[in-house]
Amino acid sequence: FVGNFIFACIYQATGLFEEKKIWKNGKKDEVINLSADGELIREGLIEEARRYAVDVLPMLIEPEPVTNTSLGGWLLDSLQEPEQSWKGYIRLSGKHLQFINRQARVPFQVNPFIYNLMLALKDAELPLGKFEYTTQQSLPTLAQMLGLGSIEDKDEQNRLVKQHPYNKAMRRELEIMKDTNLKKQKDGMLALYTLDKARKVLNDEAHYHPVKPDFRGRIYSRIPFVSFQSNDCGRYLIRFAEHKPIDNRTEFWMKVGISNAAGNDKLNWDKRIAWFDRNVNEIVNVGRMMDSNGDFSRAYAFLTQDFIEDAFCLAAIANEYVKVFVDKVQDYTQVFVIVDCSCSGTSIYNAWRLNRAGAAQTNVIDTPEPADIYLAVWQEIKRIAPARTFRKSHLQRLDKSKLIRKMMKAVYVPAQYASSTNEQHYKLEQFNRDVLKPANLHFKDAELDVLKKLWTPALDEVSSINTVVKWFKERTDEAIANGANEIKYTSCNGSVMHLTYPKSKARDNIRTLSHKGSTKLRERQIQEPTDEVNRVKLKNAVTANVTHLTDASALCAALWNFEESWVGLHDAVGLAPSQALDEAIEKLKKGFAEATSYNVWEHFCLDNDLPIDAQTPAPIIGDLDITDIQKSTYLYS
């Protein structure tokens, strides 16, 4: 109500807006746009608004600690209030709280090399990774696109536009241009926000990032844009404030970190180092690209090749490598190298099931070469596909591009957390349309139909996903049938998660403008929770939430008292390239073993008053010795 009142006043009094009729999805609609006068003062308005915007910045002192009753962080009371979620809540153990607050006490700085690189990209309007600064572009009118823009009589122009044989096609093309331009503007604003945030903390000797736990016990940074959990550009805009002295492992881990950023994280160690050595001249040039003796254009061309997966990570570590091992102007490092628990959900499932074959698919146990379950699904699809389903030349180009692995990963990750089959199929379609098609590597319609049919059987063959999801859904059904209005689960470190997922009911109807700018008023219901469980949502969510609490517990078990500076990314951890990283990996494997050897099947039943019944046995295979996790070469690599 208040929003509509304020907007109506501004609309009528200022002349900053105007209504336009457009065609959207084959239907006529009215939208509100800025008028010509409004466009002229847009930037001034944004700058004025920015002066009064609440800007959540890092802290210059250690944050107030997180507790079970306070989010801690900043001293302001309103910023310490725990967030509420209908989905559930968690009571964190003392050990888990120490883990969370240990992360909050890590001091950071802005990396000036990456900051200056972003300034250069902004000035040249060059995209890199998720950094895509662009200025606003003016678009042609429909009349101009139809070659009728020079007609001065607007009524005549409108008549000819309506009668033009290509009117409908050009309208559709103009809408696509507008959507594309809008996306570019949004990406450009994101780039500006990132730079603006970094500029405000650029000269801090050290700052801290307040964090918060979610209801699964995972850590989330509360700082937007410039954070260790931001996108690629925001993440590598920061570095540790602590100077970590170089040692006999620093050079190895820097080479590995750079090679990983170039998409080689699924190769064995020797191959990763060999890739670095073959490309060392280009890497050194990247590290010097902002210097007077660096070749910016050549470095940019290298960073934008399709096999480079994390350009800002590569650039940050390359610059550090040059300073430490080429120019030898410093004897310490401040960057971090991230090690990842391969395919965390499926790794956990197979450890729970003591499934040796599945564990080998996800690097939980030692293998001669790093395993890649995403490509394993793709290989299974090709194996079971009828002859001549896919074009041979197309498959060769796909495999060479590495995009097929990205496609499998895009669908596999939500699948392992119990997304519906329809959603998985939609993600296949979406990736084919949005990623493969622009690269001219897309599947034809008939090929995509077969790919969708083969996806589920291939997934079942190479993973433990459906077996685990089915067990949790069945036990959740039993608990609800017994009268439970929530599902509980106690982690190995004593944190207790409560999953509520209530049904909701409408409390009020509010008439509001469409968020897309349509002038049509719409009824929007204000929802409030009821005492009744939403059985479908709870059943679909329980596997993912127990899994997320398990990976949070694994990191907690490994790092709750680890005194090195580190950054946590749910199932991945970043540390300074040094012996500390080797030590952390051993701790991480031990923590993973501790969290997954905890009997999830029995504790889930005990927490929810369910019998441990031979009629509903846990899906344990039993041929895996959980201590073999410690021997894995590529878990957290």
# chains A, B, ... in the order shown; residues from 1 in each chain; ligands from 1
>>> residues_around(residues="A:Thr134", least_positions_apart="3", cutoff="9 Å", atoms="only C-alpha atoms", output="list in words")
Lys122, Glu125, Leu126, Pro127, Gln137, Lys184, Gln185, Asp187, Gly188, Met189 and Ala191 of chain A
>>> residues_around(residues="A:Trp86", least_positions_apart="3", cutoff="9 Å", atoms="only C-alpha atoms", output="PyMOL selection string")
chain A and resi 89+499-502+529
>>> closest_residue(among="A:Thr467, A:Gln579, A:Gln630, A:Asn116", to="A:Trp352", atoms="only C-alpha atoms")
A:Thr467
>>> residues_around(residues="A:Glu429", least_positions_apart="4", cutoff="12 Å", atoms="only C-alpha atoms", output="list in words")
Met407, Met408, Ala410, Val411, Asn422, Glu423, Gln424, His425, Arg433, Asp434, Val435, Leu436, Lys437, His442, Phe443, Lys444, Asp445, Ala446, Glu447, Leu448, Asp449, Val450, Leu451 and Lys452 of chain A
>>> atom_distance(atom1="atom CA of A:Lys27", atom2="atom CA of A:Gln430")
24.1 Å
>>> closest_residue(among="A:Ala198, A:Ala124, A:Cys556, A:Cys605", to="A:Thr490", atoms="only C-alpha atoms")
A:Cys605
>>> closest_residue(among="A:Leu195, A:Glu583, A:Arg507, A:Asn293", to="A:Glu563", atoms="only C-alpha atoms")
A:Glu583
>>> residues_around(residues="A:His164", least_positions_apart="4", cutoff="12 Å", atoms="only C-alpha atoms", output="number ranges by chain")
A: 142-143, 145-148, 157-160, 168-171
>>> atom_distance(atom1="atom CA of A:Arg216", atom2="atom CA of A:His570")
10.8 Å
>>> residues_around(residues="stretch 105-112 of chain A", least_positions_apart="3", cutoff="8 Å", atoms="only C-alpha atoms", output="JSON, numbers by chain")
{"A": [62, 63, 101, 102, 115, 116, 198, 201, 202, 203, 204, 205, 206, 207, 208, 209, 236, 237, 238, 239, 240, 241, 242, 316, 565, 566]}
>>> write_last_selection(atoms="N, CA and C atoms", output="CSV table (one decimal), in the first residue's frame")
chain,number,residue,atom,x,y,z
A,62,GLU,N,37.5,-7.1,15.3
A,62,GLU,CA,36.9,-8.4,15.2
A,62,GLU,C,35.4,-8.3,15.5
A,63,PRO,N,34.6,-9.1,14.7
A,63,PRO,CA,33.2,-9.0,14.9
A,63,PRO,C,32.7,-9.6,16.3
A,101,ASN,N,32.9,-18.8,14.5
A,101,ASN,CA,33.6,-17.5,14.9
A,101,ASN,C,35.1,-17.5,14.6
A,102,ARG,N,35.7,-18.7,14.4
A,102,ARG,CA,37.1,-18.7,13.9
A,102,ARG,C,37.2,-18.1,12.5
A,115,TYR,N,42.2,-5.1,-8.0
A,115,TYR,CA,41.4,-3.8,-8.0
A,115,TYR,C,41.8,-3.0,-9.2
A,116,ASN,N,43.1,-2.8,-9.5
A,116,ASN,CA,43.6,-2.0,-10.6
A,116,ASN,C,43.2,-2.7,-11.9
A,198,ALA,N,34.9,-2.2,-2.9
A,198,ALA,CA,36.4,-2.3,-2.7
A,198,ALA,C,37.1,-1.0,-2.5
A,201,VAL,N,37.2,0.1,1.2
A,201,VAL,CA,38.1,-0.6,2.1
A,201,VAL,C,39.5,-0.8,1.5
A,202,LEU,N,39.8,-0.1,0.4
A,202,LEU,CA,41.1,-0.3,-0.3
A,202,LEU,C,42.3,-0.1,0.6
A,203,ASN,N,42.2,0.9,1.5
A,203,ASN,CA,43.4,1.2,2.2
A,203,ASN,C,43.4,0.6,3.7
A,204,ASP,N,42.5,-0.2,3.9
A,204,ASP,CA,42.5,-0.9,5.3
A,204,ASP,C,43.7,-1.8,5.4
A,205,GLU,N,44.4,-1.7,6.5
A,205,GLU,CA,45.5,-2.7,6.7
A,205,GLU,C,44.9,-4.1,7.0
A,206,ALA,N,43.7,-4.1,7.6
A,206,ALA,CA,43.0,-5.3,7.9
A,206,ALA,C,41.6,-5.0,8.1
A,207,HIS,N,40.7,-5.9,7.6
A,207,HIS,CA,39.3,-5.8,8.0
A,207,HIS,C,38.7,-7.2,8.1
A,208,TYR,N,37.6,-7.3,8.7
A,208,TYR,CA,37.0,-8.6,9.1
A,208,TYR,C,35.6,-8.7,8.4
A,209,HIS,N,35.2,-10.0,8.1
A,209,HIS,CA,34.0,-10.2,7.5
A,209,HIS,C,33.0,-10.9,8.4
A,236,TYR,N,38.3,-12.9,-5.4
A,236,TYR,CA,39.8,-12.6,-5.5
A,236,TYR,C,40.2,-11.2,-5.5
A,237,LEU,N,39.2,-10.3,-5.1
A,237,LEU,CA,39.5,-8.9,-4.8
A,237,LEU,C,40.1,-8.8,-3.4
A,238,ILE,N,39.9,-9.9,-2.6
A,238,ILE,CA,40.5,-9.9,-1.3
A,238,ILE,C,41.6,-10.9,-1.1
A,239,ARG,N,42.4,-10.7,-0.2
A,239,ARG,CA,43.5,-11.5,0.2
A,239,ARG,C,43.7,-11.5,1.7
A,240,PHE,N,44.4,-12.5,2.2
A,240,PHE,CA,44.7,-12.5,3.7
A,240,PHE,C,45.5,-11.2,4.1
A,241,ALA,N,45.2,-10.6,5.2
A,241,ALA,CA,46.0,-9.5,5.7
A,241,ALA,C,47.3,-10.1,6.3
A,242,GLU,N,47.2,-11.3,6.8
A,242,GLU,CA,48.4,-12.0,7.3
A,242,GLU,C,49.5,-12.3,6.2
A,316,ALA,N,45.3,-13.4,-9.8
A,316,ALA,CA,45.8,-13.0,-8.5
A,316,ALA,C,47.0,-13.9,-8.1
A,565,SER,N,45.0,-18.8,8.9
A,565,SER,CA,43.9,-18.1,8.2
A,565,SER,C,43.3,-18.9,7.1
A,566,TRP,N,42.0,-19.0,7.0
A,566,TRP,CA,41.4,-19.8,6.0
A,566,TRP,C,40.0,-19.2,5.6
>>> closest_residue(among="A:Ile317, A:Ile32, A:Leu559, A:Ala593", to="A:Leu16", atoms="only C-alpha atoms")
A:Ile32
>>> select_by_dssp(residues="stretch 169-238 of chain A", states="strand (DSSP E or B)", output="JSON, numbers by chain")
{"A": [207, 208, 211, 212, 213, 219, 220, 221, 238]}
>>> write_last_selection(atoms="N, CA, C and O atoms", output="JSON list (two decimals), in the first residue's frame")
[["chain", "number", "residue", "atom", "x", "y", "z"],
["A", 207, "HIS", "N", 40.71, -5.89, 7.63],
["A", 207, "HIS", "CA", 39.29, -5.81, 7.96],
["A", 207, "HIS", "C", 38.75, -7.22, 8.12],
["A", 207, "HIS", "O", 39.36, -8.20, 7.69],
["A", 208, "TYR", "N", 37.57, -7.31, 8.73],
["A", 208, "TYR", "CA", 36.98, -8.61, 9.06],
["A", 208, "TYR", "C", 35.60, -8.74, 8.42],
["A", 208, "TYR", "O", 34.89, -7.74, 8.27],
["A", 211, "VAL", "N", 30.07, -13.13, 9.68],
["A", 211, "VAL", "CA", 29.47, -14.27, 9.02],
["A", 211, "VAL", "C", 28.20, -14.68, 9.77],
["A", 211, "VAL", "O", 27.93, -14.18, 10.87],
["A", 212, "LYS", "N", 27.45, -15.54, 9.15],
["A", 212, "LYS", "CA", 26.24, -16.07, 9.81],
["A", 212, "LYS", "C", 26.09, -17.54, 9.44],
["A", 212, "LYS", "O", 26.52, -17.96, 8.36],
["A", 213, "PRO", "N", 25.47, -18.32, 10.31],
["A", 213, "PRO", "CA", 25.14, -19.70, 9.95],
["A", 213, "PRO", "C", 23.71, -19.74, 9.39],
["A", 213, "PRO", "O", 22.86, -18.93, 9.78],
["A", 219, "ILE", "N", 28.36, -21.82, 6.91],
["A", 219, "ILE", "CA", 28.80, -20.44, 7.10],
["A", 219, "ILE", "C", 28.51, -19.63, 5.84],
["A", 219, "ILE", "O", 28.78, -20.07, 4.73],
["A", 220, "TYR", "N", 27.98, -18.42, 6.03],
["A", 220, "TYR", "CA", 27.79, -17.47, 4.93],
["A", 220, "TYR", "C", 28.36, -16.11, 5.33],
["A", 220, "TYR", "O", 28.11, -15.62, 6.44],
["A", 221, "SER", "N", 29.11, -15.50, 4.43],
["A", 221, "SER", "CA", 29.60, -14.15, 4.66],
["A", 221, "SER", "C", 28.44, -13.17, 4.59],
["A", 221, "SER", "O", 27.54, -13.30, 3.76],
["A", 238, "ILE", "N", 39.90, -9.91, -2.62],
["A", 238, "ILE", "CA", 40.45, -9.88, -1.27],
["A", 238, "ILE", "C", 41.59, -10.89, -1.14],
["A", 238, "ILE", "O", 41.70, -11.84, -1.93]]
>>> residues_around(residues="A:Phe225", least_positions_apart="6", cutoff="8 Å", atoms="only C-alpha atoms", output="VMD selection string")
chain A and resid 190 193 to 194 197 231 234
>>> closest_residue(among="A:Thr333, A:Thr547, A:Asn68, A:Asn181", to="A:Ala418", atoms="only C-alpha atoms")
A:Thr547
>>> residues_around(residues="A:Ala371", least_positions_apart="2", cutoff="6 Å", atoms="only C-alpha atoms", output="list in words")
Gln361, Thr362 and Asn363 of chain A
>>> write_last_selection(atoms="all heavy atoms", output="PDB file, in the first residue's frame")
ATOM      1  N   GLN A 361      34.380 -43.192  -7.396  1.00  0.00           N
ATOM      2  CA  GLN A 361      33.890 -42.271  -8.425  1.00  0.00           C
ATOM      3  C   GLN A 361      34.062 -40.813  -8.010  1.00  0.00           C
ATOM      4  O   GLN A 361      34.023 -39.914  -8.856  1.00  0.00           O
ATOM      5  CB  GLN A 361      32.398 -42.529  -8.710  1.00  0.00           C
ATOM      6  CG  GLN A 361      32.109 -43.858  -9.376  1.00  0.00           C
ATOM      7  CD  GLN A 361      32.162 -43.739 -10.891  1.00  0.00           C
ATOM      8  OE1 GLN A 361      32.830 -42.871 -11.431  1.00  0.00           O
ATOM      9  NE2 GLN A 361      31.467 -44.623 -11.577  1.00  0.00           N
ATOM     10  N   THR A 362      34.201 -40.568  -6.704  1.00  0.00           N
ATOM     11  CA  THR A 362      34.227 -39.182  -6.223  1.00  0.00           C
ATOM     12  C   THR A 362      35.459 -38.871  -5.380  1.00  0.00           C
ATOM     13  O   THR A 362      35.442 -37.956  -4.557  1.00  0.00           O
ATOM     14  CB  THR A 362      32.955 -38.870  -5.400  1.00  0.00           C
ATOM     15  OG1 THR A 362      32.871 -39.810  -4.323  1.00  0.00           O
ATOM     16  CG2 THR A 362      31.710 -38.964  -6.246  1.00  0.00           C
ATOM     17  N   ASN A 363      36.533 -39.655  -5.574  1.00  0.00           N
ATOM     18  CA  ASN A 363      37.832 -39.389  -4.926  1.00  0.00           C
ATOM     19  C   ASN A 363      37.826 -39.578  -3.413  1.00  0.00           C
ATOM     20  O   ASN A 363      38.752 -39.133  -2.731  1.00  0.00           O
ATOM     21  CB  ASN A 363      38.330 -37.969  -5.248  1.00  0.00           C
ATOM     22  CG  ASN A 363      38.528 -37.755  -6.735  1.00  0.00           C
ATOM     23  OD1 ASN A 363      39.185 -38.540  -7.398  1.00  0.00           O
ATOM     24  ND2 ASN A 363      37.932 -36.694  -7.259  1.00  0.00           N
TER      25      ASN A 363
END
